[in-house]
file final.cif (mmCIF, C-alpha atoms)
data_input
loop_
_atom_site.label_atom_id
_atom_site.label_comp_id
_atom_site.auth_asym_id
_atom_site.auth_seq_id
_atom_site.Cartn_x
_atom_site.Cartn_y
_atom_site.Cartn_z
CA MET A 1 -15.60 -17.90 13.85
CA ALA A 2 -14.71 -21.29 15.34
CA ALA A 3 -13.62 -22.77 12.01
CA THR A 4 -11.30 -19.88 11.22
CA ARG A 5 -9.63 -19.40 14.62
CA PRO A 6 -6.99 -22.13 14.05
CA GLY A 7 -5.97 -20.53 10.75
CA ALA A 8 -5.54 -17.11 12.33
CA ALA A 9 -3.69 -18.62 15.30
CA SER A 10 -1.32 -20.51 13.02
CA ALA A 11 -0.64 -17.38 10.95
CA ALA A 12 0.06 -15.24 14.02
CA ALA A 13 2.45 -17.88 15.39
CA GLY A 14 4.16 -18.22 12.02
CA ILE A 15 4.85 -14.49 11.75
CA GLU A 16 6.28 -14.52 15.25
CA ARG A 17 8.55 -17.46 14.41
CA ALA A 18 9.87 -15.70 11.30
CA SER A 19 10.57 -12.56 13.29
CA ASP A 20 12.23 -14.46 16.14
CA ALA A 21 14.40 -16.45 13.75
CA TRP A 22 15.64 -13.24 12.14
CA ASP A 23 16.29 -11.57 15.49
CA ALA A 24 18.35 -14.59 16.56
CA VAL A 25 20.86 -14.20 13.72
CA SER A 26 20.65 -10.57 12.57
CA ASP A 27 23.02 -9.24 15.22
CA SER A 28 25.72 -11.60 14.02
CA PHE A 29 25.61 -9.88 10.61
CA CYS A 30 26.16 -6.39 12.06
CA ASP A 31 28.81 -4.44 13.91
CA ARG A 32 28.38 -2.91 17.35
CA ASP A 33 26.65 0.11 15.86
CA GLY A 34 24.10 -2.06 14.03
CA TRP A 35 25.52 -1.63 10.53
CA PRO A 36 25.67 -4.73 8.32
CA ILE A 37 29.15 -6.22 7.95
CA ASN A 38 28.15 -9.34 6.06
CA GLU A 39 27.04 -7.97 2.71
CA GLU A 40 25.55 -11.27 1.54
CA SER A 41 24.07 -13.01 4.54
CA TYR A 42 22.32 -9.94 5.95
CA PRO A 43 20.15 -9.14 2.90
CA ASP A 44 19.59 -12.83 2.18
CA GLY A 45 18.35 -13.31 5.74
CA LYS A 46 15.87 -10.47 5.38
CA VAL A 47 14.62 -11.91 2.11
CA THR A 48 13.99 -15.26 3.80
CA ARG A 49 12.25 -13.59 6.74
CA ASP A 50 10.04 -11.45 4.49
CA ALA A 51 9.05 -14.39 2.29
CA GLU A 52 8.08 -16.61 5.21
CA ALA A 53 6.20 -13.81 6.95
CA TRP A 54 4.21 -12.93 3.82
CA GLN A 55 2.93 -16.49 3.53
CA HIS A 56 1.42 -16.09 6.98
CA VAL A 57 0.02 -12.67 6.10
CA GLU A 58 -1.83 -14.36 3.24
CA VAL A 59 -3.36 -16.83 5.70
CA PHE A 60 -4.33 -13.97 7.97
CA LEU A 61 -6.03 -12.19 5.08
CA ALA A 62 -8.06 -15.35 4.46
CA HIS A 63 -9.15 -15.93 8.07
CA GLY A 64 -8.54 -12.76 10.06
CA PRO A 65 -11.52 -10.64 8.92
CA GLU A 66 -14.04 -13.33 9.86
CA VAL A 67 -12.44 -13.89 13.26
CA LEU A 68 -12.37 -10.12 13.84
CA ALA A 69 -16.04 -9.79 12.90
CA GLY A 70 -16.92 -12.59 15.30
CA VAL A 71 -15.00 -10.98 18.15
CA ARG A 72 -16.66 -7.62 17.63
CA ALA A 73 -20.11 -9.16 17.37
CA THR A 74 -19.65 -11.15 20.58
CA ALA A 75 -17.68 -8.80 22.84
CA SER A 76 -19.69 -6.55 25.14
CA GLY A 77 -18.92 -2.99 26.11
CA ALA A 78 -17.73 -4.22 29.49
CA ASP A 79 -15.14 -6.45 27.80
CA TYR A 80 -13.46 -3.34 26.42
CA VAL A 81 -13.33 -1.60 29.80
CA GLU A 82 -12.09 -4.39 32.05
CA GLY A 83 -11.62 -8.12 32.17
CA PRO A 84 -9.23 -10.72 30.73
CA ILE A 85 -9.35 -9.46 27.13
CA SER A 86 -9.73 -5.70 27.60
CA GLU A 87 -6.09 -5.05 26.68
CA ASP A 88 -6.28 -7.40 23.70
CA LEU A 89 -9.39 -5.64 22.39
CA ARG A 90 -7.64 -2.30 22.64
CA ARG A 91 -4.75 -3.68 20.63
CA LEU A 92 -7.14 -4.41 17.77
CA ARG A 93 -7.96 -0.78 17.06
CA GLY A 94 -5.55 -0.57 14.14
CA ILE A 95 -5.95 -4.05 12.72
CA ASP A 96 -8.53 -2.96 10.14
CA THR A 97 -5.97 -0.64 8.56
CA THR A 98 -3.30 -3.34 8.65
CA LEU A 99 -5.52 -5.89 6.92
CA ALA A 100 -6.79 -3.35 4.38
CA ARG A 101 -3.29 -2.28 3.35
CA ALA A 102 -2.01 -5.84 3.22
CA GLY A 103 -5.01 -6.73 1.08
CA GLN A 104 -4.25 -3.84 -1.26
CA LEU A 105 -0.67 -5.03 -1.60
CA ARG A 106 -1.92 -8.50 -2.53
CA HIS A 107 -4.34 -6.97 -5.05
CA GLU A 108 -1.49 -5.01 -6.66
CA TRP A 109 0.56 -8.20 -6.82
CA ASP A 110 -2.26 -10.01 -8.62
CA GLN A 111 -2.44 -7.16 -11.13
CA ILE A 112 1.32 -7.31 -11.72
CA MET A 113 1.16 -11.06 -12.33
CA ALA A 114 -1.72 -10.61 -14.77
CA LEU A 115 0.25 -7.93 -16.61
CA MET A 116 3.29 -10.18 -16.81
CA ASP A 117 1.21 -13.01 -18.23
CA ALA A 118 -0.15 -10.68 -20.90
CA SER A 119 3.03 -8.86 -21.87
CA LEU A 120 5.85 -11.28 -21.06
CA PRO A 121 4.78 -14.71 -22.27
CA GLY A 122 7.44 -17.24 -21.48
CA SER A 123 9.52 -14.76 -19.48
CA ARG A 124 7.43 -14.45 -16.32
CA ALA A 125 9.77 -16.59 -14.21
CA ILE A 126 12.65 -14.22 -14.88
CA TYR A 127 10.85 -11.22 -13.43
CA GLU A 128 8.56 -12.93 -10.92
CA SER A 129 11.31 -13.65 -8.39
CA ARG A 130 12.34 -9.99 -8.20
CA ALA A 131 8.71 -8.88 -8.00
CA GLU A 132 8.13 -11.32 -5.13
CA ARG A 133 11.06 -9.89 -3.20
CA ILE A 134 9.67 -6.39 -3.57
CA ARG A 135 6.19 -7.50 -2.48
CA ASN A 136 7.50 -9.43 0.50
CA ALA A 137 9.72 -6.54 1.59
CA ASP A 138 6.80 -4.11 1.35
CA GLY A 139 4.61 -6.60 3.21
CA TRP A 140 6.97 -6.97 6.16
CA ARG A 141 5.59 -3.84 7.82
CA TYR A 142 2.13 -5.42 7.88
CA ALA A 143 3.52 -8.74 9.07
CA ASP A 144 5.30 -6.90 11.87
CA GLU A 145 2.06 -5.18 12.90
CA LEU A 146 0.16 -8.48 12.77
CA SER A 147 2.79 -10.08 14.99
CA PHE A 148 1.45 -7.73 17.67
CA GLN A 149 -2.22 -7.55 16.70
CA GLY A 150 -2.67 -11.16 15.59
CA PRO A 151 -2.03 -12.87 18.94
CA ALA A 152 -4.36 -10.33 20.61
CA LEU A 153 -7.10 -11.24 18.13
CA VAL A 154 -6.59 -14.97 18.70
CA ARG A 155 -6.67 -14.63 22.49
CA ALA A 156 -9.86 -12.55 22.34
CA ALA A 157 -11.48 -15.01 19.94
CA ASP A 158 -10.58 -18.00 22.12
CA TYR A 159 -11.97 -16.28 25.22
CA LEU A 160 -15.23 -15.34 23.49
CA ALA A 161 -15.68 -18.66 21.68
CA GLY A 162 -17.72 -20.26 24.46
CA ARG A 163 -19.98 -17.23 24.67
CA ALA A 164 -20.56 -17.16 20.93
CA ASP A 165 -21.29 -20.90 20.77
CA SER A 166 -23.47 -21.08 23.88
CA GLY A 167 -26.65 -20.24 22.04
CA GLN A 168 -27.39 -17.30 24.31
CA PRO A 169 -29.66 -14.66 22.74
CA SER A 170 -27.83 -11.70 21.26
CA ARG A 171 -28.04 -8.26 22.81
CA THR A 172 -30.36 -7.23 19.98
CA ASP A 173 -32.71 -10.14 20.72
CA ARG A 174 -32.71 -9.38 24.45
CA ALA A 175 -33.45 -5.72 23.80
CA ARG A 176 -36.35 -6.64 21.52
CA VAL A 177 -37.84 -8.93 24.18
CA ALA A 178 -37.45 -6.26 26.85
CA LEU A 179 -39.19 -3.65 24.71
CA THR A 180 -42.05 -6.04 23.95
CA ARG A 181 -42.56 -6.80 27.67
CA SER A 182 -42.44 -3.10 28.53
CA ALA A 183 -45.05 -2.21 25.93
CA ALA A 184 -47.32 -5.04 27.08
CA GLY A 185 -47.04 -3.88 30.68
CA ASP A 186 -48.05 -0.33 29.77
CA ARG A 187 -51.18 -1.45 27.93
CA GLY A 188 -52.17 -4.33 30.14
CA ALA A 189 -52.34 -7.92 29.08
CA LEU A 190 -53.13 -8.37 25.43
CA PRO A 191 -54.93 -11.37 23.96
CA ALA A 192 -52.70 -13.73 22.13
CA SER A 193 -52.67 -13.19 18.39
CA PRO A 194 -53.25 -16.14 16.13
CA ALA A 195 -50.05 -17.54 14.73
CA ALA A 196 -49.32 -16.25 11.25
CA PRO A 197 -48.61 -18.85 8.58
CA PRO A 198 -44.89 -19.24 7.98
CA ALA A 199 -43.54 -17.16 5.11
CA PRO A 200 -41.96 -19.07 2.26
CA THR A 201 -38.24 -19.38 2.77
CA PRO A 202 -36.38 -17.41 0.07
CA MET A 203 -33.64 -19.19 -1.72
CA ALA A 204 -30.23 -18.08 -0.52
CA PRO A 205 -28.19 -16.33 -3.21
CA GLY A 206 -25.16 -18.14 -4.40
CA ARG A 207 -21.94 -17.15 -2.64
CA SER A 208 -18.91 -16.24 -4.65
CA ARG A 209 -15.38 -16.36 -3.39
#

call {"tool": "encode", "arguments": {"input": "final.cif", "output": "structure tokens"}}
result
Amino acid sequence: MAATRPGAASAAAGIERASDAWDAVSDSFCDRDGWPINEESYPDGKVTRDAEAWQHVEVFLAHGPEVLAGVRATASGADYVEGPISEDLRRLRGIDTTLARAGQLRHEWDQIMALMDASLPGSRAIYESRAERIRNADGWRYADELSFQGPALVRAADYLAGRADSGQPSRTDRARVALTRSAAGDRGALPASPAAPPAPTPMAPGRSR
């Protein structure tokens, strides 16, 4: 989790910057009722915002799931009820759906690019720009959600980092020790068993990315 926190933090901050930059100028393109009056700058500004935000969504897809898994493995039940990150943890309830849908959009994009390569040799550049605009526009909704969920995830991960790296036994390990002590107390002291020879270490399967 430690190695991926900076990536998630950078992505969350990048989405927020893209959103803030758009908010700073969008009103100038609209009338008092919020309707666009600048027919060129308004859509061009949204295209720029969507493109920048999607780049950060891609980073979040690369790092977010691992950070989220680390937070959930480290946080205790009490952390969800009260404490410095209780509100942040509650904000993460919908992040799985956000990441899954953003990941599906990226998968569809990869399929479109593969189809273009197969059916439009030499003409991909002509159609790729329009396809990117559509993808980025569709992806803005997920970027917008991550602008709210992402900072909550980063704050929770930063708070729990010391606990995860402290080397403290996990709740599962503590429960196993407690059950062993309880069983020994019920039966009386048991003679120590001879140490079993160490089992051969299996080779770890190769990891694919």

call {"tool": "atom_distance", "arguments": {"input": "final.cif", "atom1": "CA of Ala8 (chain A)", "atom2": "CA of Val154 (chain A)"}}
result
6.8 Å

call {"tool": "atom_distance", "arguments": {"input": "final.cif", "atom1": "CA of Ala156 (chain A)", "atom2": "CA of Ala9 (chain A)"}}
result
11.2 Å

call {"tool": "atom_distance", "arguments": {"input": "final.cif", "atom1": "CA of Trp22 (chain A)", "atom2": "CA of Ser129 (chain A)"}}
result
21.0 Å

call {"tool": "resolve_selection", "arguments": {"input": "final.cif", "expression": "the PyMOL selection byres ((chain A and resi 110-118) around 12)", "output": "ChimeraX atom specification"}}
result
/A:103-109,119-132,134-135

call {"tool": "resolve_selection", "arguments": {"input": "final.cif", "expression": "the PyMOL selection byres ((chain A and resi 65-72) around 10)", "output": "count of residues only"}}
result
34

call {"tool": "residues_around", "arguments": {"input": "final.cif", "residues": "Ser19 (chain A)", "least_positions_apart": "3", "cutoff": "9 Å", "atoms": "only C-alpha atoms", "output": "list in words"}}
result
Gly14, Ile15, Glu16, Trp22, Asp23, Ala24, Arg49, Asp50, Ala53, Asp144 and Ser147 of chain A

call {"tool": "closest_residue", "arguments": {"input": "final.cif", "among": "A:Ser86, A:Thr97, A:Gln55, A:Thr48", "to": "Arg133 (chain A)", "atoms": "all atoms listed in the file"}}
result
A:Thr48

call {"tool": "residues_around", "arguments": {"input": "final.cif", "residues": "Tyr142 (chain A)", "least_positions_apart": "4", "cutoff": "8 Å", "atoms": "all atoms listed in the file", "output": "list in words"}}
result
Val57, Thr98, Leu99, Arg101, Ala102 and Leu146 of chain A
